[in-house]
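Student: Would you mind keeping the following structure in view while I ask a few things?
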Amino acid sequence: MIEYLKGRLTELEPTMAIVECMGVGYGASISLNTYAAIQGRDEVKLWIYESIREDAHQLWGFYTKVEREVFLLLITVSGIGPNTARMILSALTPQELCNIISSGNAKMMTQVKGIGPKAAQRIIVDLGDKIMAVAADATSSQNSAGNTVVVQNSVVADEAIQALVMLGFAPAPTSKVVSKILADDPSAPVEKVIKMALKML
């Protein structure tokens, strides 16, 4: 089992990071929280969850152990797979998610794309007690994402659209939403644009 990867960050996209360890490049699917935390770094350490099926072997990477713990809790909920869990952790920080679940705020949970009222209630009921175990750790690491680098508007738009399309959204409406967000806030970094778009699409 791979516990973590530590090495040179050779490629980075909003949904994928490639880390070179001893000459081998490992591709790990990541959330926007992790993307924001490792953007601009040369060396990184990602905590890993391995998803092994008959037809696929996939790595999921997380900047903090707390985010991985929350991810692992999410995928224990019926109907919540790794991609949906990644979507949730791209729209919300671990601390925000802990607060939503602890307070039973199903309405706030449904703002995440793909999470309807029933799924939101199921997450809250299933994880209500379990989430408290990681809530304290989430609080201490909520600022770990660090500062993001503001890049040119067009580059941000391209990266945001690419990430949203990879998450399963259609290109045309995605492009319109991203353009509107950047028109209102031209200096918004890519992770902010994507998080806002996830609530609007």
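Chains: A, B, ... in order of the structure tokens. Residues: from 1 per chain. Ligands: from 1, in order shown.
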Please list as a PDB file with C-alpha atoms, in the first residue's frame every residue within 9 Å of Ile38 of chain A, counting only C-alpha atoms and excluding residues in the same chain fewer than 2 positions away.
Tutor:
```
ATOM      1  CA  LEU A   9       6.085  17.882  -8.892  1.00  0.00           C
ATOM      2  CA  LEU A  12       0.026  19.950 -12.234  1.00  0.00           C
ATOM      3  CA  ASN A  33      -8.008  22.218  -2.105  1.00  0.00           C
ATOM      4  CA  THR A  34      -4.882  20.178  -2.782  1.00  0.00           C
ATOM      5  CA  TYR A  35      -4.304  21.940  -6.100  1.00  0.00           C
ATOM      6  CA  ALA A  36      -4.333  25.316  -4.347  1.00  0.00           C
ATOM      7  CA  GLY A  40       3.904  26.749  -7.494  1.00  0.00           C
ATOM      8  CA  ARG A  41       5.851  24.135  -5.510  1.00  0.00           C
ATOM      9  CA  ASP A  42       8.759  22.084  -6.847  1.00  0.00           C
ATOM     10  CA  GLU A  43       8.755  19.402  -4.155  1.00  0.00           C
ATOM     11  CA  VAL A  44       5.538  17.985  -2.700  1.00  0.00           C
ATOM     12  CA  LYS A  45       4.242  15.320  -0.360  1.00  0.00           C
ATOM     13  CA  TYR A  63      -2.071  17.670   0.693  1.00  0.00           C
ATOM     14  CA  ALA A 145      -3.655  25.709   1.449  1.00  0.00           C
ATOM     15  CA  GLY A 146      -1.450  28.792   1.533  1.00  0.00           C
TER      16      GLY A 146
END
```
Student: I want to know what sits within 10 Å of Arg122 of chain A, based on only C-alpha atoms, with residues of the same chain fewer than 3 positions away left out; could you give that as a list in words?
Tutor: Val77, Ser78, Gly79, Ile80, Ala106, Gly116, Pro117, Lys118, Ala119, Val125, Asp126, Leu127 and Gly128 of chain A
Student: Could the residues in this selection be saved with C-alpha atoms as a tab-separated table (two decimals), in the first residue's frame?
Tutor:
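Result written to selection.tsv:
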```
chain	number	residue	atom	x	y	z
A	77	VAL	CA	-21.52	6.64	2.26
A	78	SER	CA	-23.78	4.70	-0.11
A	79	GLY	CA	-23.81	6.32	-3.55
A	80	ILE	CA	-20.72	8.47	-2.93
A	106	ALA	CA	-28.37	19.61	4.30
A	116	GLY	CA	-29.31	16.14	-4.06
A	117	PRO	CA	-31.39	16.40	-0.87
A	118	LYS	CA	-31.41	12.62	-0.27
A	119	ALA	CA	-27.65	12.26	-0.77
A	125	VAL	CA	-26.74	10.93	8.97
A	126	ASP	CA	-23.95	8.47	8.13
A	127	LEU	CA	-21.06	10.75	9.06
A	128	GLY	CA	-22.60	12.83	11.85
```
Student: Could you check the closest approach to Asp184 of chain A for each of A:Met196, A:Leu72, A:Leu97, A:Ile123 and tell me which residue wins, using only C-alpha atoms?
Tutor: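 Checking each of A:Met196, A:Leu72, A:Leu97, A:Ile123 against Asp184 of chain A, counting only C-alpha atoms, the winner is A:Met196.
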Student: Considering only C-alpha atoms, return as a list in words whatever protein or nucleic-acid residues lie within 9 Å of Leu5 of chain A, sequence-local ones (same chain, fewer than 5 positions apart) excluded.
Tutor: Val19, Glu20, Cys21, Tyr26, Val44, Lys45, Leu46, Trp47, Ile48 and Gly61 of chain A
Student: Which residue out of A:Asn99, A:Thr110, A:Thr64, A:Thr93 has the minimum interatomic distance to Tyr4 of chain A when only C-alpha atoms are used?
Tutor: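 Closest to Tyr4 of chain A, using only C-alpha atoms: A:Thr64.
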Student: So how many Å separate atom CA of Gln162 of chain A and atom CA of Pro14 of chain A, to one decimal?
Tutor: 8.4 Å
Student: Using only C-alpha atoms, find the one residue out of A:Ala157, A:Leu89, A:Leu182, A:Ile115 that sits nearest to Val66 of chain A.
Tutor: A:Leu89
Student: Just how far from atom CA of Leu59 of chain A is atom CA of Leu164 of chain A, in Å to one decimal?
Tutor: 19.5 Å
Student: Return as a ChimeraX atom specification the full set of residues in segment 8-186 of chain A whose backbone-based DSSP assignment is helix (DSSP H, G or I).
Tutor: /A:32-38,65-74,82-91,94-103,106-109,117-127,132-140,153-166,171-184
Student: Of the candidates A:Arg8, A:Lys176, A:Lys195, A:Arg68, which one gets nearest to Pro82 of chain A if we count only C-alpha atoms?
Tutor: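 Checking each candidate against Pro82 of chain A, we get A:Arg68 as the closest.
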Student: Determine the nearest neighbour of Gly168 of chain A from the options A:Val134, A:Val155, A:Lys107, A:Thr15, counting only C-alpha atoms.
Tutor: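 For Gly168 of chain A, the nearest of the given residues is A:Thr15.
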Student: Which is closest to Asp185 of chain A among A:Leu92, A:Val156, A:Gly104, A:Gln111, if we use only C-alpha atoms?
Tutor: A:Val156
Student: Please compute the atom CA of Ala170 of chain A-atom CA of Ala85 of chain A distance, one decimal, in Å.
Tutor: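 Atom-to-atom, atom CA of Ala170 of chain A to atom CA of Ala85 of chain A, that is 19.7 Å.
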Student: Neighbours of Val177 of chain A within 10 Å (only C-alpha atoms; same-chain residues fewer than 5 positions away dropped), as a ChimeraX atom specification?
Tutor: /A:161,172,182-183,193-194,196-198,200-201
Student: Taking N, CA and C atoms for each residue, export the selection above as a PDB file, in the first residue's frame.
Tutor:
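Result file result_37.pdb:
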```pdb
ATOM      1  N   ILE A 161     -11.961  25.903 -17.139  1.00  0.00           N
ATOM      2  CA  ILE A 161     -12.840  25.166 -18.061  1.00  0.00           C
ATOM      3  C   ILE A 161     -12.359  23.735 -18.229  1.00  0.00           C
ATOM      4  N   ALA A 172     -19.745  24.000 -23.288  1.00  0.00           N
ATOM      5  CA  ALA A 172     -20.416  25.264 -23.635  1.00  0.00           C
ATOM      6  C   ALA A 172     -20.949  26.021 -22.414  1.00  0.00           C
ATOM      7  N   LEU A 182     -15.296  35.539 -14.209  1.00  0.00           N
ATOM      8  CA  LEU A 182     -14.104  36.354 -14.421  1.00  0.00           C
ATOM      9  C   LEU A 182     -14.447  37.784 -14.822  1.00  0.00           C
ATOM     10  N   ALA A 183     -15.609  37.969 -15.404  1.00  0.00           N
ATOM     11  CA  ALA A 183     -16.041  39.330 -15.732  1.00  0.00           C
ATOM     12  C   ALA A 183     -16.334  40.108 -14.444  1.00  0.00           C
ATOM     13  N   VAL A 193     -12.397  30.346  -9.103  1.00  0.00           N
ATOM     14  CA  VAL A 193     -13.299  30.316 -10.251  1.00  0.00           C
ATOM     15  C   VAL A 193     -14.017  28.969 -10.321  1.00  0.00           C
ATOM     16  N   ILE A 194     -13.262  27.889 -10.132  1.00  0.00           N
ATOM     17  CA  ILE A 194     -13.853  26.551 -10.223  1.00  0.00           C
ATOM     18  C   ILE A 194     -14.842  26.330  -9.089  1.00  0.00           C
ATOM     19  N   MET A 196     -16.599  28.544  -7.497  1.00  0.00           N
ATOM     20  CA  MET A 196     -17.808  29.319  -7.762  1.00  0.00           C
ATOM     21  C   MET A 196     -18.633  28.673  -8.875  1.00  0.00           C
ATOM     22  N   ALA A 197     -17.932  28.176  -9.893  1.00  0.00           N
ATOM     23  CA  ALA A 197     -18.635  27.540 -11.023  1.00  0.00           C
ATOM     24  C   ALA A 197     -19.358  26.281 -10.581  1.00  0.00           C
ATOM     25  N   LEU A 198     -18.780  25.538  -9.642  1.00  0.00           N
ATOM     26  CA  LEU A 198     -19.409  24.315  -9.155  1.00  0.00           C
ATOM     27  C   LEU A 198     -20.765  24.610  -8.507  1.00  0.00           C
ATOM     28  N   MET A 200     -22.695  27.098  -9.550  1.00  0.00           N
ATOM     29  CA  MET A 200     -23.563  27.735 -10.541  1.00  0.00           C
ATOM     30  C   MET A 200     -23.998  26.799 -11.676  1.00  0.00           C
ATOM     31  N   LEU A 201     -23.213  25.774 -11.915  1.00  0.00           N
ATOM     32  CA  LEU A 201     -23.526  24.866 -13.032  1.00  0.00           C
ATOM     33  C   LEU A 201     -24.648  23.886 -12.661  1.00  0.00           C
TER      34      LEU A 201
END
```
Student: Any chance you could list, as a PDB file with N, CA and C atoms, in the first residue's frame, the residues in chain A that come up strand (DSSP E) when DSSP is run on the backbone?
Tutor:
```pdb
ATOM      1  N   TYR A   4       2.148   7.571   1.161  1.00  0.00           N
ATOM      2  CA  TYR A   4       2.290   8.912   0.609  1.00  0.00           C
ATOM      3  C   TYR A   4       3.356   8.906  -0.480  1.00  0.00           C
ATOM      4  N   LEU A   5       3.332   9.947  -1.308  1.00  0.00           N
ATOM      5  CA  LEU A   5       4.349  10.173  -2.333  1.00  0.00           C
ATOM      6  C   LEU A   5       5.070  11.463  -1.997  1.00  0.00           C
ATOM      7  N   LYS A   6       6.394  11.425  -2.027  1.00  0.00           N
ATOM      8  CA  LYS A   6       7.187  12.623  -1.780  1.00  0.00           C
ATOM      9  C   LYS A   6       8.236  12.723  -2.877  1.00  0.00           C
ATOM     10  N   GLY A   7       8.178  13.821  -3.622  1.00  0.00           N
ATOM     11  CA  GLY A   7       9.120  13.964  -4.721  1.00  0.00           C
ATOM     12  C   GLY A   7       8.895  15.246  -5.498  1.00  0.00           C
ATOM     13  N   ARG A   8       9.396  15.251  -6.727  1.00  0.00           N
ATOM     14  CA  ARG A   8       9.323  16.456  -7.556  1.00  0.00           C
ATOM     15  C   ARG A   8       7.984  16.520  -8.281  1.00  0.00           C
ATOM     16  N   LEU A   9       7.350  17.670  -8.198  1.00  0.00           N
ATOM     17  CA  LEU A   9       6.085  17.882  -8.892  1.00  0.00           C
ATOM     18  C   LEU A   9       6.396  18.235 -10.347  1.00  0.00           C
ATOM     19  N   THR A  10       6.172  17.302 -11.254  1.00  0.00           N
ATOM     20  CA  THR A  10       6.551  17.511 -12.652  1.00  0.00           C
ATOM     21  C   THR A  10       5.428  18.093 -13.495  1.00  0.00           C
ATOM     22  N   GLU A  11       4.183  17.780 -13.152  1.00  0.00           N
ATOM     23  CA  GLU A  11       3.027  18.334 -13.871  1.00  0.00           C
ATOM     24  C   GLU A  11       1.905  18.574 -12.880  1.00  0.00           C
ATOM     25  N   LEU A  12       1.140  19.633 -13.124  1.00  0.00           N
ATOM     26  CA  LEU A  12       0.026  19.950 -12.234  1.00  0.00           C
ATOM     27  C   LEU A  12      -1.136  20.529 -13.017  1.00  0.00           C
ATOM     28  N   GLU A  13      -2.303  19.932 -12.835  1.00  0.00           N
ATOM     29  CA  GLU A  13      -3.562  20.433 -13.365  1.00  0.00           C
ATOM     30  C   GLU A  13      -4.532  20.511 -12.190  1.00  0.00           C
ATOM     31  N   MET A  16      -5.309  16.901 -11.390  1.00  0.00           N
ATOM     32  CA  MET A  16      -4.280  15.859 -11.470  1.00  0.00           C
ATOM     33  C   MET A  16      -2.899  16.415 -11.149  1.00  0.00           C
ATOM     34  N   ALA A  17      -2.119  15.637 -10.389  1.00  0.00           N
ATOM     35  CA  ALA A  17      -0.731  15.981 -10.093  1.00  0.00           C
ATOM     36  C   ALA A  17       0.141  14.777 -10.426  1.00  0.00           C
ATOM     37  N   ILE A  18       1.287  15.039 -11.053  1.00  0.00           N
ATOM     38  CA  ILE A  18       2.245  13.982 -11.327  1.00  0.00           C
ATOM     39  C   ILE A  18       3.483  14.243 -10.482  1.00  0.00           C
ATOM     40  N   VAL A  19       3.800  13.276  -9.626  1.00  0.00           N
ATOM     41  CA  VAL A  19       4.929  13.398  -8.717  1.00  0.00           C
ATOM     42  C   VAL A  19       5.982  12.353  -9.100  1.00  0.00           C
ATOM     43  N   GLU A  20       7.210  12.820  -9.324  1.00  0.00           N
ATOM     44  CA  GLU A  20       8.296  11.908  -9.681  1.00  0.00           C
ATOM     45  C   GLU A  20       9.028  11.463  -8.422  1.00  0.00           C
ATOM     46  N   CYS A  21       9.046  10.155  -8.199  1.00  0.00           N
ATOM     47  CA  CYS A  21       9.734   9.571  -7.047  1.00  0.00           C
ATOM     48  C   CYS A  21      10.729   8.524  -7.547  1.00  0.00           C
ATOM     49  N   VAL A  24      10.306   7.484 -11.161  1.00  0.00           N
ATOM     50  CA  VAL A  24       8.988   7.008 -11.579  1.00  0.00           C
ATOM     51  C   VAL A  24       7.963   8.116 -11.362  1.00  0.00           C
ATOM     52  N   GLY A  25       7.165   8.418 -12.380  1.00  0.00           N
ATOM     53  CA  GLY A  25       6.142   9.452 -12.261  1.00  0.00           C
ATOM     54  C   GLY A  25       4.799   8.853 -11.880  1.00  0.00           C
ATOM     55  N   TYR A  26       4.263   9.267 -10.754  1.00  0.00           N
ATOM     56  CA  TYR A  26       2.972   8.776 -10.278  1.00  0.00           C
ATOM     57  C   TYR A  26       1.904   9.847 -10.515  1.00  0.00           C
ATOM     58  N   GLY A  27       0.826   9.478 -11.184  1.00  0.00           N
ATOM     59  CA  GLY A  27      -0.276  10.402 -11.410  1.00  0.00           C
ATOM     60  C   GLY A  27      -1.337  10.220 -10.340  1.00  0.00           C
ATOM     61  N   ALA A  28      -1.678  11.286  -9.664  1.00  0.00           N
ATOM     62  CA  ALA A  28      -2.687  11.219  -8.599  1.00  0.00           C
ATOM     63  C   ALA A  28      -3.801  12.217  -8.864  1.00  0.00           C
ATOM     64  N   SER A  29      -5.034  11.761  -8.777  1.00  0.00           N
ATOM     65  CA  SER A  29      -6.178  12.657  -8.891  1.00  0.00           C
ATOM     66  C   SER A  29      -6.263  13.488  -7.620  1.00  0.00           C
ATOM     67  N   GLU A  43       8.782  20.660  -4.889  1.00  0.00           N
ATOM     68  CA  GLU A  43       8.755  19.402  -4.155  1.00  0.00           C
ATOM     69  C   GLU A  43       7.449  19.317  -3.364  1.00  0.00           C
ATOM     70  N   VAL A  44       6.812  18.140  -3.405  1.00  0.00           N
ATOM     71  CA  VAL A  44       5.538  17.985  -2.700  1.00  0.00           C
ATOM     72  C   VAL A  44       5.481  16.647  -1.985  1.00  0.00           C
ATOM     73  N   LYS A  45       4.561  16.581  -1.034  1.00  0.00           N
ATOM     74  CA  LYS A  45       4.242  15.320  -0.360  1.00  0.00           C
ATOM     75  C   LYS A  45       2.727  15.175  -0.389  1.00  0.00           C
ATOM     76  N   LEU A  46       2.267  14.104  -1.007  1.00  0.00           N
ATOM     77  CA  LEU A  46       0.837  13.849  -1.103  1.00  0.00           C
ATOM     78  C   LEU A  46       0.490  12.565  -0.356  1.00  0.00           C
ATOM     79  N   TRP A  47      -0.497  12.653   0.516  1.00  0.00           N
ATOM     80  CA  TRP A  47      -1.021  11.471   1.182  1.00  0.00           C
ATOM     81  C   TRP A  47      -1.926  10.756   0.196  1.00  0.00           C
ATOM     82  N   ILE A  48      -1.795   9.433   0.106  1.00  0.00           N
ATOM     83  CA  ILE A  48      -2.399   8.684  -0.986  1.00  0.00           C
ATOM     84  C   ILE A  48      -3.496   7.723  -0.532  1.00  0.00           C
ATOM     85  N   TYR A  49      -4.536   7.643  -1.358  1.00  0.00           N
ATOM     86  CA  TYR A  49      -5.533   6.577  -1.261  1.00  0.00           C
ATOM     87  C   TYR A  49      -5.500   5.824  -2.586  1.00  0.00           C
ATOM     88  N   GLU A  50      -5.342   4.505  -2.509  1.00  0.00           N
ATOM     89  CA  GLU A  50      -5.313   3.673  -3.713  1.00  0.00           C
ATOM     90  C   GLU A  50      -6.687   3.055  -3.953  1.00  0.00           C
ATOM     91  N   SER A  51      -7.204   3.263  -5.151  1.00  0.00           N
ATOM     92  CA  SER A  51      -8.459   2.637  -5.550  1.00  0.00           C
ATOM     93  C   SER A  51      -8.116   1.560  -6.570  1.00  0.00           C
ATOM     94  N   ILE A  52      -8.278   0.316  -6.170  1.00  0.00           N
ATOM     95  CA  ILE A  52      -7.904  -0.802  -7.040  1.00  0.00           C
ATOM     96  C   ILE A  52      -9.142  -1.606  -7.412  1.00  0.00           C
ATOM     97  N   HIS A  57      -6.566   0.978 -11.720  1.00  0.00           N
ATOM     98  CA  HIS A  57      -5.770   1.194 -10.507  1.00  0.00           C
ATOM     99  C   HIS A  57      -5.510   2.696 -10.448  1.00  0.00           C
ATOM    100  N   GLN A  58      -6.153   3.377  -9.517  1.00  0.00           N
ATOM    101  CA  GLN A  58      -6.092   4.836  -9.478  1.00  0.00           C
ATOM    102  C   GLN A  58      -5.580   5.323  -8.133  1.00  0.00           C
ATOM    103  N   LEU A  59      -4.777   6.394  -8.196  1.00  0.00           N
ATOM    104  CA  LEU A  59      -4.265   7.023  -6.984  1.00  0.00           C
ATOM    105  C   LEU A  59      -4.986   8.350  -6.769  1.00  0.00           C
ATOM    106  N   TRP A  60      -5.344   8.607  -5.533  1.00  0.00           N
ATOM    107  CA  TRP A  60      -5.954   9.879  -5.145  1.00  0.00           C
ATOM    108  C   TRP A  60      -5.011  10.539  -4.148  1.00  0.00           C
ATOM    109  N   GLY A  61      -4.625  11.790  -4.422  1.00  0.00           N
ATOM    110  CA  GLY A  61      -3.642  12.471  -3.600  1.00  0.00           C
ATOM    111  C   GLY A  61      -4.226  13.626  -2.809  1.00  0.00           C
ATOM    112  N   PHE A  62      -3.696  13.818  -1.590  1.00  0.00           N
ATOM    113  CA  PHE A  62      -4.205  14.858  -0.697  1.00  0.00           C
ATOM    114  C   PHE A  62      -3.044  15.566  -0.011  1.00  0.00           C
TER     115      PHE A  62
END
```
